[in-house]
>>> print(open('upload07.txt').read())   # compact mmCIF, N, CA, C and O atoms
# COMPACT_ATOMS: atom_id res chain seq x y z
N MET P 1 -20.49 28.49 12.80
CA MET P 1 -21.83 28.15 13.22
C MET P 1 -22.85 29.15 12.66
O MET P 1 -23.95 28.76 12.30
N ASP P 2 -22.44 30.42 12.61
CA ASP P 2 -23.35 31.44 12.08
C ASP P 2 -23.69 31.18 10.63
O ASP P 2 -24.80 31.48 10.18
N LYS P 3 -22.73 30.60 9.90
CA LYS P 3 -22.98 30.29 8.49
C LYS P 3 -24.10 29.26 8.36
O LYS P 3 -24.98 29.39 7.50
N ILE P 4 -24.07 28.24 9.21
CA ILE P 4 -25.10 27.19 9.17
C ILE P 4 -26.46 27.78 9.56
O ILE P 4 -27.49 27.46 8.93
N ILE P 5 -26.47 28.65 10.56
CA ILE P 5 -27.73 29.27 10.99
C ILE P 5 -28.31 30.12 9.87
O ILE P 5 -29.51 30.06 9.58
N GLN P 6 -27.45 30.88 9.19
CA GLN P 6 -27.91 31.70 8.07
C GLN P 6 -28.42 30.82 6.93
O GLN P 6 -29.44 31.11 6.31
N GLN P 7 -27.70 29.75 6.65
CA GLN P 7 -28.12 28.82 5.60
C GLN P 7 -29.47 28.20 5.95
O GLN P 7 -30.36 28.11 5.09
N LEU P 8 -29.65 27.81 7.20
CA LEU P 8 -30.91 27.23 7.64
C LEU P 8 -32.04 28.26 7.52
O LEU P 8 -33.14 27.92 7.07
N THR P 9 -31.77 29.48 7.90
CA THR P 9 -32.77 30.55 7.78
C THR P 9 -33.18 30.74 6.32
O THR P 9 -34.37 30.87 6.01
N ASN P 10 -32.21 30.73 5.42
CA ASN P 10 -32.51 30.87 3.99
C ASN P 10 -33.32 29.68 3.47
O ASN P 10 -34.28 29.86 2.71
N VAL P 11 -32.94 28.49 3.88
CA VAL P 11 -33.66 27.28 3.44
C VAL P 11 -35.09 27.32 3.96
O VAL P 11 -36.03 27.03 3.22
N ASN P 12 -35.27 27.70 5.22
CA ASN P 12 -36.62 27.80 5.79
C ASN P 12 -37.47 28.78 4.99
O ASN P 12 -38.63 28.50 4.68
N HIS P 13 -36.88 29.92 4.67
CA HIS P 13 -37.60 30.93 3.88
C HIS P 13 -37.99 30.38 2.51
O HIS P 13 -39.13 30.55 2.07
N ASN P 14 -37.06 29.69 1.86
CA ASN P 14 -37.34 29.12 0.54
C ASN P 14 -38.40 28.02 0.61
O ASN P 14 -39.21 27.88 -0.30
N ILE P 15 -38.39 27.24 1.69
CA ILE P 15 -39.41 26.20 1.86
C ILE P 15 -40.79 26.84 1.96
O ILE P 15 -41.74 26.39 1.31
N LEU P 16 -40.90 27.89 2.76
CA LEU P 16 -42.19 28.56 2.92
C LEU P 16 -42.66 29.18 1.61
O LEU P 16 -43.85 29.11 1.27
N LEU P 17 -41.74 29.75 0.85
CA LEU P 17 -42.10 30.29 -0.47
C LEU P 17 -42.57 29.20 -1.41
O LEU P 17 -43.56 29.35 -2.14
N LYS P 18 -41.86 28.07 -1.40
CA LYS P 18 -42.20 26.95 -2.27
C LYS P 18 -43.58 26.39 -1.89
O LYS P 18 -44.39 26.09 -2.77
N LEU P 19 -43.84 26.28 -0.60
CA LEU P 19 -45.15 25.79 -0.17
C LEU P 19 -46.27 26.74 -0.61
O LEU P 19 -47.34 26.30 -1.01
N LYS P 20 -46.00 28.03 -0.55
CA LYS P 20 -47.00 29.00 -1.01
C LYS P 20 -47.26 28.83 -2.50
O LYS P 20 -48.41 28.83 -2.95
N LYS P 21 -46.18 28.67 -3.28
CA LYS P 21 -46.34 28.46 -4.72
C LYS P 21 -47.12 27.18 -5.00
O LYS P 21 -47.96 27.14 -5.89
N ILE P 22 -46.83 26.14 -4.24
CA ILE P 22 -47.54 24.86 -4.43
C ILE P 22 -49.01 25.03 -4.09
O ILE P 22 -49.88 24.55 -4.81
N ASN P 23 -49.30 25.71 -2.99
CA ASN P 23 -50.70 25.91 -2.60
C ASN P 23 -51.46 26.76 -3.62
O ASN P 23 -52.65 26.56 -3.82
N ASP P 24 -50.76 27.70 -4.26
CA ASP P 24 -51.39 28.55 -5.26
C ASP P 24 -51.47 27.88 -6.62
O ASP P 24 -52.17 28.35 -7.51
N SER P 25 -50.75 26.77 -6.78
CA SER P 25 -50.69 26.08 -8.06
C SER P 25 -51.78 25.03 -8.15
O SER P 25 -52.27 24.51 -7.15
N ASN P 26 -52.12 24.71 -9.37
CA ASN P 26 -53.09 23.64 -9.63
C ASN P 26 -52.32 22.32 -9.68
O ASN P 26 -51.33 22.21 -10.40
N PRO P 27 -52.77 21.30 -8.93
CA PRO P 27 -52.05 20.02 -8.93
C PRO P 27 -51.91 19.37 -10.31
O PRO P 27 -51.06 18.54 -10.51
N THR P 28 -52.75 19.76 -11.23
CA THR P 28 -52.65 19.19 -12.57
C THR P 28 -51.74 20.00 -13.48
O THR P 28 -51.47 19.58 -14.61
N ALA P 29 -51.24 21.13 -12.99
CA ALA P 29 -50.34 21.96 -13.79
C ALA P 29 -48.99 21.26 -13.96
O ALA P 29 -48.56 20.48 -13.10
N GLU P 30 -48.34 21.55 -15.07
CA GLU P 30 -47.06 20.89 -15.36
C GLU P 30 -45.99 21.23 -14.33
O GLU P 30 -45.17 20.38 -13.98
N ASP P 31 -45.98 22.46 -13.84
CA ASP P 31 -44.93 22.88 -12.92
C ASP P 31 -45.16 22.38 -11.49
O ASP P 31 -44.28 22.47 -10.65
N PHE P 32 -46.33 21.80 -11.21
CA PHE P 32 -46.63 21.32 -9.86
C PHE P 32 -45.62 20.28 -9.41
O PHE P 32 -45.10 20.34 -8.29
N HIS P 33 -45.34 19.31 -10.27
CA HIS P 33 -44.42 18.23 -9.91
C HIS P 33 -43.00 18.78 -9.72
O HIS P 33 -42.26 18.29 -8.85
N ILE P 34 -42.63 19.77 -10.48
CA ILE P 34 -41.32 20.40 -10.33
C ILE P 34 -41.24 21.10 -8.98
O ILE P 34 -40.24 20.98 -8.26
N LEU P 35 -42.30 21.81 -8.62
CA LEU P 35 -42.33 22.50 -7.33
C LEU P 35 -42.23 21.51 -6.17
O LEU P 35 -41.51 21.75 -5.20
N VAL P 36 -42.93 20.39 -6.28
CA VAL P 36 -42.88 19.37 -5.22
C VAL P 36 -41.47 18.79 -5.11
O VAL P 36 -40.94 18.60 -4.01
N SER P 37 -40.83 18.56 -6.24
CA SER P 37 -39.47 18.03 -6.24
C SER P 37 -38.50 19.03 -5.61
O SER P 37 -37.63 18.66 -4.82
N GLU P 38 -38.66 20.30 -5.95
CA GLU P 38 -37.82 21.35 -5.37
C GLU P 38 -38.06 21.45 -3.86
O GLU P 38 -37.11 21.65 -3.09
N LEU P 39 -39.30 21.30 -3.44
CA LEU P 39 -39.62 21.33 -2.01
C LEU P 39 -38.91 20.18 -1.29
O LEU P 39 -38.34 20.37 -0.22
N GLN P 40 -38.93 19.01 -1.89
CA GLN P 40 -38.27 17.86 -1.29
C GLN P 40 -36.77 18.12 -1.13
O GLN P 40 -36.18 17.81 -0.10
N ASN P 41 -36.15 18.71 -2.14
CA ASN P 41 -34.72 19.04 -2.05
C ASN P 41 -34.45 20.03 -0.94
O ASN P 41 -33.47 19.90 -0.20
N LEU P 42 -35.31 21.03 -0.81
CA LEU P 42 -35.13 22.03 0.26
C LEU P 42 -35.28 21.39 1.64
O LEU P 42 -34.53 21.72 2.57
N ILE P 43 -36.23 20.48 1.78
CA ILE P 43 -36.42 19.82 3.07
C ILE P 43 -35.20 18.97 3.42
O ILE P 43 -34.79 18.92 4.58
N GLU P 44 -34.61 18.34 2.42
CA GLU P 44 -33.39 17.57 2.67
C GLU P 44 -32.25 18.50 3.09
O GLU P 44 -31.47 18.15 4.00
N GLN P 45 -32.15 19.67 2.49
CA GLN P 45 -31.13 20.66 2.89
C GLN P 45 -31.36 21.10 4.33
O GLN P 45 -30.42 21.25 5.11
N ARG P 46 -32.63 21.30 4.69
CA ARG P 46 -32.97 21.71 6.05
C ARG P 46 -32.54 20.64 7.04
O ARG P 46 -31.99 20.93 8.10
N GLU P 47 -32.79 19.40 6.68
CA GLU P 47 -32.41 18.29 7.55
C GLU P 47 -30.90 18.26 7.79
O GLU P 47 -30.44 18.07 8.92
N VAL P 48 -30.12 18.48 6.74
CA VAL P 48 -28.66 18.50 6.87
C VAL P 48 -28.23 19.64 7.80
O VAL P 48 -27.38 19.44 8.69
N CYS P 49 -28.80 20.82 7.62
CA CYS P 49 -28.46 21.95 8.47
C CYS P 49 -28.79 21.67 9.94
O CYS P 49 -27.99 21.95 10.83
N LEU P 50 -29.97 21.12 10.17
CA LEU P 50 -30.37 20.82 11.55
C LEU P 50 -29.48 19.76 12.18
O LEU P 50 -29.09 19.87 13.36
N LYS P 51 -29.13 18.74 11.41
CA LYS P 51 -28.24 17.70 11.94
C LYS P 51 -26.88 18.30 12.30
O LYS P 51 -26.28 17.92 13.31
N THR P 52 -26.40 19.22 11.47
CA THR P 52 -25.12 19.86 11.74
C THR P 52 -25.18 20.66 13.03
O THR P 52 -24.26 20.59 13.86
N LEU P 53 -26.26 21.39 13.23
CA LEU P 53 -26.40 22.18 14.46
C LEU P 53 -26.52 21.29 15.69
O LEU P 53 -25.87 21.53 16.70
N VAL P 54 -27.33 20.27 15.60
CA VAL P 54 -27.56 19.41 16.76
C VAL P 54 -26.32 18.60 17.12
O VAL P 54 -26.05 18.35 18.30
N SER P 55 -25.54 18.24 16.12
CA SER P 55 -24.35 17.43 16.40
C SER P 55 -23.21 18.25 17.00
O SER P 55 -22.27 17.69 17.54
N ASN P 56 -23.31 19.56 16.93
CA ASN P 56 -22.28 20.43 17.50
C ASN P 56 -22.58 20.67 18.98
O ASN P 56 -23.57 21.30 19.32
N ASN P 57 -21.69 20.19 19.84
CA ASN P 57 -21.90 20.31 21.28
C ASN P 57 -21.81 21.75 21.77
O ASN P 57 -22.29 22.07 22.85
N GLU P 58 -21.20 22.62 21.00
CA GLU P 58 -21.05 24.01 21.40
C GLU P 58 -22.32 24.82 21.15
O GLU P 58 -22.50 25.89 21.72
N PHE P 59 -23.19 24.33 20.29
CA PHE P 59 -24.42 25.06 19.98
C PHE P 59 -25.48 24.73 21.01
O PHE P 59 -25.96 23.60 21.10
N ILE P 60 -25.83 25.72 21.81
CA ILE P 60 -26.78 25.47 22.90
C ILE P 60 -27.93 26.50 22.91
O ILE P 60 -28.50 26.78 23.95
N ASP P 61 -28.26 27.04 21.77
CA ASP P 61 -29.32 28.04 21.67
C ASP P 61 -30.68 27.34 21.67
O ASP P 61 -31.27 27.06 20.63
N ARG P 62 -31.16 27.06 22.86
CA ARG P 62 -32.41 26.31 23.02
C ARG P 62 -33.60 27.02 22.37
O ARG P 62 -34.40 26.36 21.70
N PRO P 63 -33.78 28.32 22.55
CA PRO P 63 -34.93 28.98 21.90
C PRO P 63 -34.90 28.84 20.36
O PRO P 63 -35.95 28.64 19.75
N PHE P 64 -33.72 28.91 19.78
CA PHE P 64 -33.61 28.74 18.33
C PHE P 64 -34.01 27.34 17.91
O PHE P 64 -34.75 27.15 16.95
N LEU P 65 -33.55 26.35 18.67
CA LEU P 65 -33.91 24.96 18.35
C LEU P 65 -35.41 24.70 18.55
O LEU P 65 -36.02 23.98 17.77
N MET P 66 -36.01 25.31 19.57
CA MET P 66 -37.45 25.17 19.78
C MET P 66 -38.22 25.82 18.62
O MET P 66 -39.23 25.28 18.16
N GLU P 67 -37.72 26.95 18.17
CA GLU P 67 -38.33 27.63 17.02
C GLU P 67 -38.26 26.73 15.78
O GLU P 67 -39.23 26.61 15.03
N GLN P 68 -37.13 26.08 15.60
CA GLN P 68 -36.97 25.17 14.46
C GLN P 68 -37.88 23.95 14.59
O GLN P 68 -38.44 23.48 13.61
N PHE P 69 -38.03 23.46 15.80
CA PHE P 69 -38.93 22.33 16.03
C PHE P 69 -40.37 22.73 15.68
O PHE P 69 -41.07 21.99 15.00
N ASN P 70 -40.80 23.89 16.17
CA ASN P 70 -42.16 24.36 15.89
C ASN P 70 -42.37 24.58 14.40
O ASN P 70 -43.42 24.22 13.86
N LEU P 71 -41.37 25.15 13.74
CA LEU P 71 -41.46 25.33 12.29
C LEU P 71 -41.55 23.97 11.60
O LEU P 71 -42.31 23.79 10.66
N GLY P 72 -40.77 23.03 12.08
CA GLY P 72 -40.81 21.67 11.52
C GLY P 72 -42.20 21.06 11.63
O GLY P 72 -42.67 20.42 10.69
N GLN P 73 -42.87 21.26 12.76
CA GLN P 73 -44.22 20.74 12.93
C GLN P 73 -45.19 21.40 11.95
O GLN P 73 -46.05 20.73 11.36
N THR P 74 -45.01 22.70 11.75
CA THR P 74 -45.84 23.43 10.78
C THR P 74 -45.60 22.92 9.37
O THR P 74 -46.54 22.70 8.60
N LEU P 75 -44.33 22.70 9.04
CA LEU P 75 -43.99 22.21 7.71
C LEU P 75 -44.56 20.81 7.47
O LEU P 75 -45.00 20.50 6.37
N ILE P 76 -44.55 19.99 8.50
CA ILE P 76 -45.11 18.64 8.37
C ILE P 76 -46.60 18.73 8.03
O ILE P 76 -47.08 18.03 7.13
N MET P 77 -47.32 19.60 8.72
CA MET P 77 -48.76 19.74 8.45
C MET P 77 -49.00 20.25 7.03
O MET P 77 -49.87 19.73 6.32
N ARG P 78 -48.22 21.24 6.60
CA ARG P 78 -48.43 21.80 5.26
C ARG P 78 -47.98 20.82 4.18
O ARG P 78 -48.62 20.72 3.14
N ALA P 79 -46.91 20.10 4.43
CA ALA P 79 -46.43 19.13 3.44
C ALA P 79 -47.38 17.94 3.35
O ALA P 79 -47.54 17.36 2.27
N THR P 80 -48.03 17.60 4.44
CA THR P 80 -49.00 16.51 4.43
C THR P 80 -50.16 16.87 3.50
O THR P 80 -50.66 16.01 2.77
N LYS P 81 -50.56 18.13 3.51
CA LYS P 81 -51.63 18.56 2.60
C LYS P 81 -51.18 18.42 1.15
O LYS P 81 -51.94 17.94 0.30
N VAL P 82 -49.94 18.80 0.86
CA VAL P 82 -49.42 18.65 -0.50
C VAL P 82 -49.40 17.18 -0.89
O VAL P 82 -49.80 16.81 -2.00
N MET P 83 -48.96 16.33 0.02
CA MET P 83 -48.91 14.90 -0.25
C MET P 83 -50.31 14.35 -0.52
O MET P 83 -50.49 13.53 -1.43
N GLU P 84 -51.28 14.80 0.24
CA GLU P 84 -52.66 14.35 0.01
C GLU P 84 -53.17 14.80 -1.35
O GLU P 84 -53.87 14.06 -2.04
N ASP P 85 -52.81 16.03 -1.75
CA ASP P 85 -53.19 16.51 -3.08
C ASP P 85 -52.58 15.63 -4.17
O ASP P 85 -53.25 15.28 -5.14
N CYS P 86 -51.31 15.28 -3.99
CA CYS P 86 -50.64 14.42 -4.97
C CYS P 86 -51.28 13.04 -5.00
O CYS P 86 -51.50 12.47 -6.08
N ARG P 87 -51.59 12.50 -3.85
CA ARG P 87 -52.21 11.18 -3.76
C ARG P 87 -53.58 11.20 -4.43
O ARG P 87 -53.94 10.27 -5.16
N THR P 88 -54.34 12.25 -4.22
CA THR P 88 -55.65 12.38 -4.86
C THR P 88 -55.51 12.44 -6.37
O THR P 88 -56.27 11.81 -7.10
N LEU P 89 -54.52 13.18 -6.83
CA LEU P 89 -54.28 13.31 -8.27
C LEU P 89 -53.93 11.95 -8.88
O LEU P 89 -54.45 11.58 -9.93
N VAL P 90 -53.11 11.19 -8.21
CA VAL P 90 -52.74 9.86 -8.70
C VAL P 90 -53.96 8.94 -8.70
O VAL P 90 -54.17 8.18 -9.65
N GLN P 91 -54.76 9.03 -7.67
CA GLN P 91 -55.96 8.19 -7.59
C GLN P 91 -56.94 8.52 -8.72
O GLN P 91 -57.50 7.63 -9.35
N VAL P 92 -57.12 9.81 -9.00
CA VAL P 92 -58.00 10.22 -10.10
C VAL P 92 -57.46 9.70 -11.42
O VAL P 92 -58.21 9.20 -12.27
N ASP P 93 -56.14 9.81 -11.59
CA ASP P 93 -55.51 9.33 -12.83
C ASP P 93 -55.70 7.82 -12.98
O ASP P 93 -56.02 7.33 -14.06
N ASN P 94 -55.51 7.09 -11.90
CA ASN P 94 -55.70 5.63 -11.94
C ASN P 94 -57.15 5.27 -12.27
O ASN P 94 -57.41 4.34 -13.04
N ASN P 95 -58.09 5.99 -11.68
CA ASN P 95 -59.51 5.73 -11.97
C ASN P 95 -59.82 6.01 -13.44
O ASN P 95 -60.55 5.25 -14.07
N ALA P 96 -59.25 7.07 -13.98
CA ALA P 96 -59.47 7.41 -15.39
C ALA P 96 -58.90 6.31 -16.29
O ALA P 96 -59.54 5.92 -17.28
N LYS P 97 -57.73 5.79 -15.95
CA LYS P 97 -57.12 4.71 -16.74
C LYS P 97 -57.99 3.45 -16.70
O LYS P 97 -58.15 2.78 -17.72
N ARG P 98 -58.54 3.14 -15.52
CA ARG P 98 -59.42 1.98 -15.41
C ARG P 98 -60.67 2.15 -16.27
O ARG P 98 -61.12 1.21 -16.91
N GLN P 99 -61.21 3.35 -16.27
CA GLN P 99 -62.41 3.60 -17.08
C GLN P 99 -62.09 3.45 -18.57
O GLN P 99 -62.87 2.87 -19.32
N ILE P 100 -60.93 3.95 -18.97
CA ILE P 100 -60.54 3.83 -20.38
C ILE P 100 -60.39 2.36 -20.75
O ILE P 100 -60.85 1.93 -21.81
N LYS P 101 -59.75 1.58 -19.88
CA LYS P 101 -59.60 0.15 -20.15
C LYS P 101 -60.96 -0.53 -20.24
O LYS P 101 -61.17 -1.40 -21.10
N ALA P 102 -61.88 -0.15 -19.39
CA ALA P 102 -63.22 -0.74 -19.42
C ALA P 102 -63.92 -0.41 -20.73
O ALA P 102 -64.54 -1.28 -21.36
N TYR P 103 -63.80 0.85 -21.17
CA TYR P 103 -64.43 1.24 -22.44
C TYR P 103 -63.79 0.52 -23.62
O TYR P 103 -64.48 0.11 -24.55
N LYS P 104 -62.49 0.34 -23.57
CA LYS P 104 -61.80 -0.40 -24.63
C LYS P 104 -62.27 -1.85 -24.68
O LYS P 104 -62.46 -2.42 -25.76
N ALA P 105 -62.44 -2.44 -23.49
CA ALA P 105 -62.91 -3.83 -23.43
C ALA P 105 -64.32 -3.94 -23.98
O ALA P 105 -64.64 -4.88 -24.72
N ILE P 106 -65.15 -2.97 -23.66
CA ILE P 106 -66.52 -2.97 -24.19
C ILE P 106 -66.50 -2.84 -25.71
O ILE P 106 -67.22 -3.55 -26.42
N GLU P 107 -65.69 -1.93 -26.21
CA GLU P 107 -65.59 -1.71 -27.66
C GLU P 107 -65.05 -2.94 -28.38
O GLU P 107 -65.49 -3.26 -29.48
N SER P 108 -64.08 -3.61 -27.78
CA SER P 108 -63.50 -4.78 -28.44
C SER P 108 -64.47 -5.96 -28.48
O SER P 108 -64.34 -6.84 -29.32
N ASN P 109 -65.45 -5.98 -27.59
CA ASN P 109 -66.45 -7.05 -27.57
C ASN P 109 -67.59 -6.82 -28.54
O ASN P 109 -68.42 -7.69 -28.72
N ARG P 110 -67.65 -5.66 -29.15
CA ARG P 110 -68.76 -5.37 -30.09
C ARG P 110 -68.52 -5.95 -31.43
O ARG P 110 -67.64 -6.16 -32.04
>>> encode(input="upload07.txt", output="structure tokens")
Amino acid sequence: MDKIIQQLTNVNHNILLKLKKINDSNPTAEDFHILVSELQNLIEQREVCLKTLVSNNEFIDRPFLMEQFNLGQTLIMRATKVMEDCRTLVQVDNNAKRQIKAYKAIESNR
């Protein structure tokens, strides 16, 4: 059980580091998408660790689980900001593509 707790602690630490890198990064930078993908992998690892702990009937450390719940809520808020940044970037890209198509249509009609 201690191995899973240590693994979860490491994953949590890596998630926080990755979120900091993402927040410091420009959404249009090439490495931004890689950082987001790595964050998603870390969150999946965290989920596996938490499921392992919760499914074990012998693990009854309520304060630790409450701490993980609170951290999870914090991660949701921070990840939502990243998701909104990505969504904004996609929307800007789509708008730019529409403008290019409009200019092409105007040019082809001349």
>>> closest_residue(input="upload07.txt", among="P:Glu67, P:Asp85, P:Asn94, P:Ser108", to="Phe32 of chain P", atoms="only C-alpha atoms")
P:Asp85
>>> atom_distance(input="upload07.txt", atom1="atom C of Val92 of chain P", atom2="atom CA of Arg78 of chain P")
22.5 Å
>>> atom_distance(input="upload07.txt", atom1="atom CA of Phe59 of chain P", atom2="atom CA of Ile4 of chain P")
11.0 Å
>>> atom_distance(input="upload07.txt", atom1="atom CA of Asp31 of chain P", atom2="atom CA of Thr74 of chain P")
23.7 Å
>>> residues_around(input="upload07.txt", residues="Leu50 of chain P", least_positions_apart="6", cutoff="8 Å", atoms="only N, CA, C and O atoms", output="list in words")
Ile4, Leu8, Ile43, Glu44 and Asn56 of chain P
>>> axis_aligned_box(input="upload07.txt", around="segment 16-20 of chain P", padding_each_side="4 Å", output="AutoDock Vina command-line options")
--center_x -44.7 --center_y 28.0 --center_z 0.0 --size_x 15.5 --size_y 12.5 --size_z 13.9
>>> select_by_dssp(input="upload07.txt", residues="segment 1-79 of chain P", states="helix (DSSP H, G or I)", output="MDAnalysis selection string")
chainID P and resid 2:24 30:55 62:79
>>> closest_residue(input="upload07.txt", among="P:Glu84, P:Asp2, P:Glu107, P:Glu30", to="Leu53 of chain P", atoms="only C-alpha atoms")
P:Asp2
